[in-house]
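Note: the block below is coords_6.tsv and it holds TSV, C-alpha atoms.
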chain	number	residue	atom	x	y	z
A	826	MET	CA	-4.06	-6.71	8.54
A	827	SER	CA	-0.58	-7.07	7.05
A	828	PHE	CA	2.42	-5.01	8.13
A	829	ARG	CA	2.45	-3.16	4.79
A	830	GLU	CA	-1.24	-2.30	5.01
A	831	LYS	CA	-0.68	-0.92	8.51
A	832	SER	CA	2.23	1.05	7.09
A	833	ALA	CA	-0.05	2.50	4.38
A	834	TRP	CA	-2.60	3.49	7.05
A	835	ILE	CA	0.20	5.19	9.00
A	836	THR	CA	1.09	7.16	5.87
A	837	VAL	CA	-2.52	8.29	5.39
A	838	VAL	CA	-2.98	9.29	9.03
A	839	THR	CA	0.36	11.06	9.46
A	840	VAL	CA	0.25	12.91	6.12
A	841	LEU	CA	-3.35	14.03	6.72
A	842	ALA	CA	-2.53	15.13	10.27
A	843	CYS	CA	0.70	17.00	9.56
A	844	PHE	CA	-0.04	18.54	6.17
A	845	GLY	CA	-3.65	19.09	7.23
A	846	VAL	CA	-2.31	21.41	9.92
A	847	TYR	CA	-0.01	23.16	7.45
A	848	PHE	CA	-2.46	23.70	4.61
A	849	GLY	CA	-5.30	24.28	7.08
A	850	ALA	CA	-3.34	27.13	8.66
A	851	ILE	CA	-2.70	28.67	5.22
A	852	ALA	CA	-6.30	28.22	4.06
A	853	THR	CA	-7.77	29.75	7.22
A	854	GLY	CA	-5.27	32.61	7.17
A	855	ASN	CA	-3.62	31.67	10.49
A	856	VAL	CA	-0.30	32.06	8.70
A	857	SER	CA	0.18	34.51	5.90
A	858	GLY	CA	1.28	31.98	3.29
A	859	ARG	CA	4.29	34.20	2.77
A	860	GLY	CA	7.60	34.61	4.57
A	861	LEU	CA	9.44	32.88	7.38
A	862	GLU	CA	6.36	32.16	9.47
A	863	THR	CA	5.12	29.75	6.81
A	864	LEU	CA	8.54	28.16	6.40
A	865	HIS	CA	8.80	27.56	10.14
A	866	LEU	CA	5.35	25.96	10.22
A	867	LEU	CA	6.30	23.76	7.25
A	868	LEU	CA	9.51	22.66	8.98
A	869	LEU	CA	7.55	21.91	12.16
A	870	CYS	CA	5.01	19.84	10.20
A	871	VAL	CA	7.71	17.91	8.30
A	872	VAL	CA	9.60	17.14	11.53
A	873	GLY	CA	6.30	16.17	13.16
A	874	LEU	CA	5.52	13.89	10.21
A	875	VAL	CA	8.90	12.15	10.39
A	876	VAL	CA	8.74	11.68	14.19
A	877	LEU	CA	5.11	10.49	14.13
A	878	ARG	CA	5.79	8.03	11.29
A	879	MET	CA	8.88	6.65	12.97
A	880	ALA	CA	7.04	6.24	16.29
A	881	LEU	CA	4.01	4.54	14.73
A	882	ASN	CA	6.14	2.30	12.51
A	883	LEU	CA	8.23	1.34	15.55
A	884	ILE	CA	5.07	0.41	17.49
A	885	VAL	CA	3.80	-1.71	14.59
A	886	THR	CA	7.21	-3.37	14.15
A	887	LEU	CA	7.49	-4.14	17.88
A	888	THR	CA	3.99	-5.60	18.05
A	889	THR	CA	4.52	-7.77	14.95
A	890	PRO	CA	8.32	-8.20	14.73
A	891	LYS	CA	8.22	-11.15	12.30
A	892	ASP	CA	6.08	-9.26	9.76
A	893	GLY	CA	8.27	-6.18	10.08
A	894	ARG	CA	11.44	-8.06	9.19
A	895	ALA	CA	9.96	-10.09	6.34
A	896	PRO	CA	10.80	-8.93	2.81
A	897	LYS	CA	7.97	-7.92	0.48
A	898	ASP	CA	6.40	-10.85	-1.33
A	899	GLU	CA	5.26	-10.77	-4.98
A	900	ARG	CA	1.71	-9.59	-4.18
A	901	GLU	CA	2.99	-6.76	-2.02
A	902	MET	CA	5.44	-5.74	-4.75
A	903	LEU	CA	2.63	-5.82	-7.32
A	904	ILE	CA	0.48	-3.63	-5.08
A	905	GLN	CA	3.41	-1.25	-4.56
A	906	TRP	CA	4.06	-1.06	-8.31
A	907	ARG	CA	0.39	-0.47	-9.20
A	908	SER	CA	-0.14	2.15	-6.51
A	909	HIS	CA	3.02	4.05	-7.44
A	910	THR	CA	2.06	3.99	-11.12
A	911	LEU	CA	-1.32	5.48	-10.22
A	912	GLY	CA	0.36	8.03	-7.95
A	913	TYR	CA	2.75	9.00	-10.74
A	914	TYR	CA	-0.11	9.75	-13.17
A	915	VAL	CA	-1.95	11.74	-10.48
A	916	LEU	CA	1.22	13.73	-9.81
A	917	VAL	CA	1.73	14.42	-13.54
A	918	VAL	CA	-1.84	15.68	-13.94
A	919	LEU	CA	-1.61	17.84	-10.82
A	920	ALA	CA	1.80	19.17	-11.89
A	921	LEU	CA	0.34	20.18	-15.27
A	922	GLY	CA	-2.45	21.87	-13.33
A	923	LEU	CA	0.18	24.19	-11.81
A	924	PHE	CA	-0.06	26.24	-15.01
A	925	VAL	CA	-3.44	27.52	-13.80
A	926	PRO	CA	-2.28	29.39	-10.67
A	927	VAL	CA	0.69	30.77	-12.63
A	928	HIS	CA	-1.77	32.69	-14.79
A	929	MET	CA	-3.68	33.90	-11.73
A	930	GLY	CA	-0.78	35.96	-10.49
A	931	HIS	CA	0.29	33.83	-7.54
A	932	THR	CA	3.68	34.38	-5.94
A	933	ALA	CA	6.61	31.97	-6.08
A	934	LEU	CA	5.86	30.85	-2.50
A	935	ASP	CA	2.23	30.17	-3.41
A	936	MET	CA	3.44	28.09	-6.34
A	937	ALA	CA	5.77	26.17	-4.04
A	938	ASN	CA	2.80	25.47	-1.76
A	939	PHE	CA	0.69	24.30	-4.71
A	940	ALA	CA	3.53	22.01	-5.81
A	941	LEU	CA	3.84	20.68	-2.25
A	942	LEU	CA	0.09	20.07	-2.17
A	943	ASP	CA	0.41	18.09	-5.42
A	944	VAL	CA	3.06	15.85	-3.83
A	945	VAL	CA	0.94	15.40	-0.69
A	946	VAL	CA	-2.15	14.47	-2.73
A	947	ALA	CA	-0.13	12.00	-4.86
A	948	THR	CA	1.30	10.44	-1.68
A	949	LEU	CA	-2.20	10.03	-0.27
A	950	VAL	CA	-3.42	8.50	-3.55
A	951	VAL	CA	-0.58	5.94	-3.41
A	952	ALA	CA	-1.34	5.01	0.20
A	953	VAL	CA	-5.13	4.85	-0.29
A	954	ALA	CA	-4.68	2.76	-3.46
A	955	GLN	CA	-2.45	0.36	-1.49
A	956	ILE	CA	-5.05	0.02	1.26
A	957	ALA	CA	-7.81	-0.59	-1.31
A	958	MET	CA	-5.73	-3.26	-3.10
A	959	PHE	CA	-4.76	-4.95	0.16
A	960	ARG	CA	-8.45	-5.03	1.17
A	961	ARG	CA	-9.55	-6.32	-2.24
A	962	GLY	CA	-6.89	-9.04	-2.42
A	963	ALA	CA	-4.63	-7.54	-5.09
B	857	MET	CA	-19.50	-19.84	-5.92
B	858	THR	CA	-16.76	-20.96	-8.33
B	859	GLN	CA	-13.44	-19.18	-8.70
B	860	LYS	CA	-14.56	-18.00	-12.15
B	861	GLU	CA	-17.65	-16.39	-10.66
B	862	LYS	CA	-15.37	-14.64	-8.15
B	863	GLY	CA	-13.46	-13.07	-11.04
B	864	LEU	CA	-10.41	-15.27	-11.64
B	865	PRO	CA	-10.61	-18.35	-13.89
B	866	ILE	CA	-8.19	-20.32	-11.72
B	867	ALA	CA	-9.45	-22.68	-9.02
B	868	ASN	CA	-7.19	-24.10	-6.35
B	869	GLN	CA	-7.14	-26.90	-3.81
B	870	ILE	CA	-4.85	-25.20	-1.29
B	871	ARG	CA	-7.33	-25.26	1.58
B	872	ARG	CA	-7.98	-28.99	1.15
B	873	LEU	CA	-4.27	-29.76	0.74
B	874	ARG	CA	-3.40	-27.78	3.86
B	875	PHE	CA	-5.80	-29.84	5.93
B	876	GLU	CA	-4.56	-33.06	4.38
B	877	HIS	CA	-1.03	-32.09	5.40
B	878	GLY	CA	-1.48	-32.01	9.15
B	879	GLU	CA	-3.90	-29.09	9.18
B	880	MET	CA	-1.13	-26.79	8.05
B	881	THR	CA	-2.01	-23.17	8.77
B	882	GLN	CA	-1.86	-20.38	6.21
B	883	SER	CA	1.01	-18.87	8.20
B	884	GLU	CA	3.01	-22.11	8.07
B	885	LEU	CA	2.50	-22.42	4.32
B	886	ALA	CA	3.37	-18.75	3.88
B	887	GLU	CA	6.60	-19.21	5.81
B	888	LYS	CA	7.59	-22.27	3.77
B	889	ILE	CA	7.32	-20.38	0.47
B	890	GLY	CA	8.44	-16.93	1.64
B	891	MET	CA	5.12	-15.13	1.40
B	892	THR	CA	2.82	-13.37	3.83
B	893	ARG	CA	-0.21	-15.07	5.36
B	894	GLN	CA	-2.40	-12.43	3.71
B	895	THR	CA	-1.10	-13.41	0.27
B	896	ILE	CA	-1.85	-17.10	0.91
B	897	ALA	CA	-5.35	-16.09	2.06
B	898	ALA	CA	-5.83	-14.05	-1.14
B	899	ILE	CA	-4.64	-16.95	-3.34
B	900	GLU	CA	-6.89	-19.42	-1.50
B	901	ALA	CA	-9.88	-17.11	-1.87
B	902	GLY	CA	-9.20	-16.73	-5.60
B	903	LYS	CA	-8.55	-13.01	-5.27
B	904	TYR	CA	-4.94	-13.18	-6.41
B	905	SER	CA	-3.25	-15.35	-9.04
B	906	PRO	CA	0.27	-16.28	-7.94
B	907	SER	CA	3.26	-16.20	-10.25
B	908	LEU	CA	4.32	-19.45	-11.88
B	909	GLU	CA	7.26	-19.68	-9.48
B	910	ALA	CA	5.02	-19.23	-6.43
B	911	ALA	CA	2.55	-21.77	-7.80
B	912	PHE	CA	5.36	-24.32	-8.19
B	913	ARG	CA	6.60	-23.55	-4.68
B	914	ILE	CA	3.12	-24.18	-3.25
B	915	ALA	CA	2.79	-27.44	-5.19
B	916	HIS	CA	6.27	-28.49	-4.02
B	917	VAL	CA	5.31	-27.97	-0.36
B	918	PHE	CA	2.40	-30.39	-0.79
B	919	GLY	CA	4.43	-32.79	-2.94
B	920	ALA	CA	1.79	-32.40	-5.64
B	921	LYS	CA	1.80	-31.62	-9.34
B	922	LEU	CA	0.89	-28.10	-10.36
B	923	ASP	CA	-2.44	-29.14	-11.88
B	924	GLU	CA	-3.38	-30.94	-8.67
B	925	VAL	CA	-3.18	-27.62	-6.87
B	926	PHE	CA	-4.38	-25.17	-9.53
B	927	GLN	CA	-6.99	-25.77	-12.21
B	928	TRP	CA	-8.05	-23.55	-15.11
B	929	GLU	CA	-11.84	-23.15	-15.13
B	930	ASP	CA	-13.31	-22.75	-18.63
Taking this structure as input, can you express it in the form of structure tokens?
Amino acid sequence: MSFREKSAWITVVTVLACFGVYFGAIATGNVSGRGLETLHLLLLCVVGLVVLRMALNLIVTLTTPKDGRAPKDEREMLIQWRSHTLGYYVLVVLALGLFVPVHMGHTALDMANFALLDVVVATLVVAVAQIAMFRRGA
Amino acid sequence: MTQKEKGLPIANQIRRLRFEHGEMTQSELAEKIGMTRQTIAAIEAGKYSPSLEAAFRIAHVFGAKLDEVFQWED
């Protein structure tokens, strides 16, 4: 498995873990979805995401130092370009979908959470697409 | 199974050329042309078509002409 594929797996795992906790807490009603409590949980999850990603990327880099230092080659750049293009279209569609909750009377904080969810889903789509393309060859 | 049956109409002789050049590993070839081992493996398996520049680099490593390394399969 290449360094970049490992990196994509790290993205999937860390984003699912950290934002899974955040959106899971909102969905199950453990936090209100309104006010400072939600903001604090979001900050905790974002900090957790950054720390976890840095730690896992450091482990991968230390175990395969040569791969970690090597610049992206043309196939890796192609995979990056294709996956980000796909992620962009997913984000556009999801962003347009934000008009739906607007008409359902959601608050500004709810809308911010929906927008955040859109970004999280698009990020996951990019990472999963990268993994699929690395597995397939290109 | 031919390369065409695998999906890409380009066949290559990289595996044979590697072995004819001192059993060069995919990693060694990758290092010589500034690519990852996984990309060399994908090219060899016919899953990825390299750019013209990369194809020339590969041919240059083996001291071969481009059409001795890559062939278009009709």
Could you build a table of the residues in chain B lying no more than 7 Å from chain A, giving for each the nearest pair of atoms and their separation in Å rounded to one decimal place, using only C-alpha atoms, ordered by chain and ascending residue number, as JSON lines?
{"residue": "B:Met891", "atom": "CA", "partner": "A:Asp898", "partner_atom": "CA", "distance": 5.2}
{"residue": "B:Thr892", "atom": "CA", "partner": "A:Asp898", "partner_atom": "CA", "distance": 6.8}
{"residue": "B:Gln894", "atom": "CA", "partner": "A:Ser827", "partner_atom": "CA", "distance": 6.6}
{"residue": "B:Thr895", "atom": "CA", "partner": "A:Arg900", "partner_atom": "CA", "distance": 6.5}
{"residue": "B:Ala898", "atom": "CA", "partner": "A:Gly962", "partner_atom": "CA", "distance": 5.3}
{"residue": "B:Lys903", "atom": "CA", "partner": "A:Gly962", "partner_atom": "CA", "distance": 5.2}
{"residue": "B:Tyr904", "atom": "CA", "partner": "A:Ala963", "partner_atom": "CA", "distance": 5.8}
So the first atom is atom CA of A:Asn882 and the second is atom CA of A:Ser832; what is the distance between them in Å, to one decimal place? 6.8 Å
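Of the listed residues (B:Gly919, B:Gly878, B:Pro906, B:Gly890), B:Pro906 comes nearest to B:Ile866; the distances count only C-alpha atoms.
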Leaving out A:Ile835 and any residue of its chain fewer than 3 positions from it, which residues lie within 10 Å of it when counting only C-alpha atoms, given as a PyMOL selection string? chain A and resi 829-832+838-841+877-879+881-882+885+952
Requested write-out: C-alpha atoms of the selected residues, as a PDB file, keeping the file's coordinate frame:
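Result saved to again.pdb:
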ATOM      1  CA  ARG A 829       2.450  -3.160   4.790  1.00  0.00           C
ATOM      2  CA  GLU A 830      -1.240  -2.300   5.010  1.00  0.00           C
ATOM      3  CA  LYS A 831      -0.680  -0.920   8.510  1.00  0.00           C
ATOM      4  CA  SER A 832       2.230   1.050   7.090  1.00  0.00           C
ATOM      5  CA  VAL A 838      -2.980   9.290   9.030  1.00  0.00           C
ATOM      6  CA  THR A 839       0.360  11.060   9.460  1.00  0.00           C
ATOM      7  CA  VAL A 840       0.250  12.910   6.120  1.00  0.00           C
ATOM      8  CA  LEU A 841      -3.350  14.030   6.720  1.00  0.00           C
ATOM      9  CA  LEU A 877       5.110  10.490  14.130  1.00  0.00           C
ATOM     10  CA  ARG A 878       5.790   8.030  11.290  1.00  0.00           C
ATOM     11  CA  MET A 879       8.880   6.650  12.970  1.00  0.00           C
ATOM     12  CA  LEU A 881       4.010   4.540  14.730  1.00  0.00           C
ATOM     13  CA  ASN A 882       6.140   2.300  12.510  1.00  0.00           C
ATOM     14  CA  VAL A 885       3.800  -1.710  14.590  1.00  0.00           C
ATOM     15  CA  ALA A 952      -1.340   5.010   0.200  1.00  0.00           C
TER      16      ALA A 952
END
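Straight-line separation from atom CA of B:Glu887 to atom CA of A:His909: 27.0 Å.
Here atom CA of A:His928 stands at a distance of 28.2 Å from atom CA of A:Leu868.
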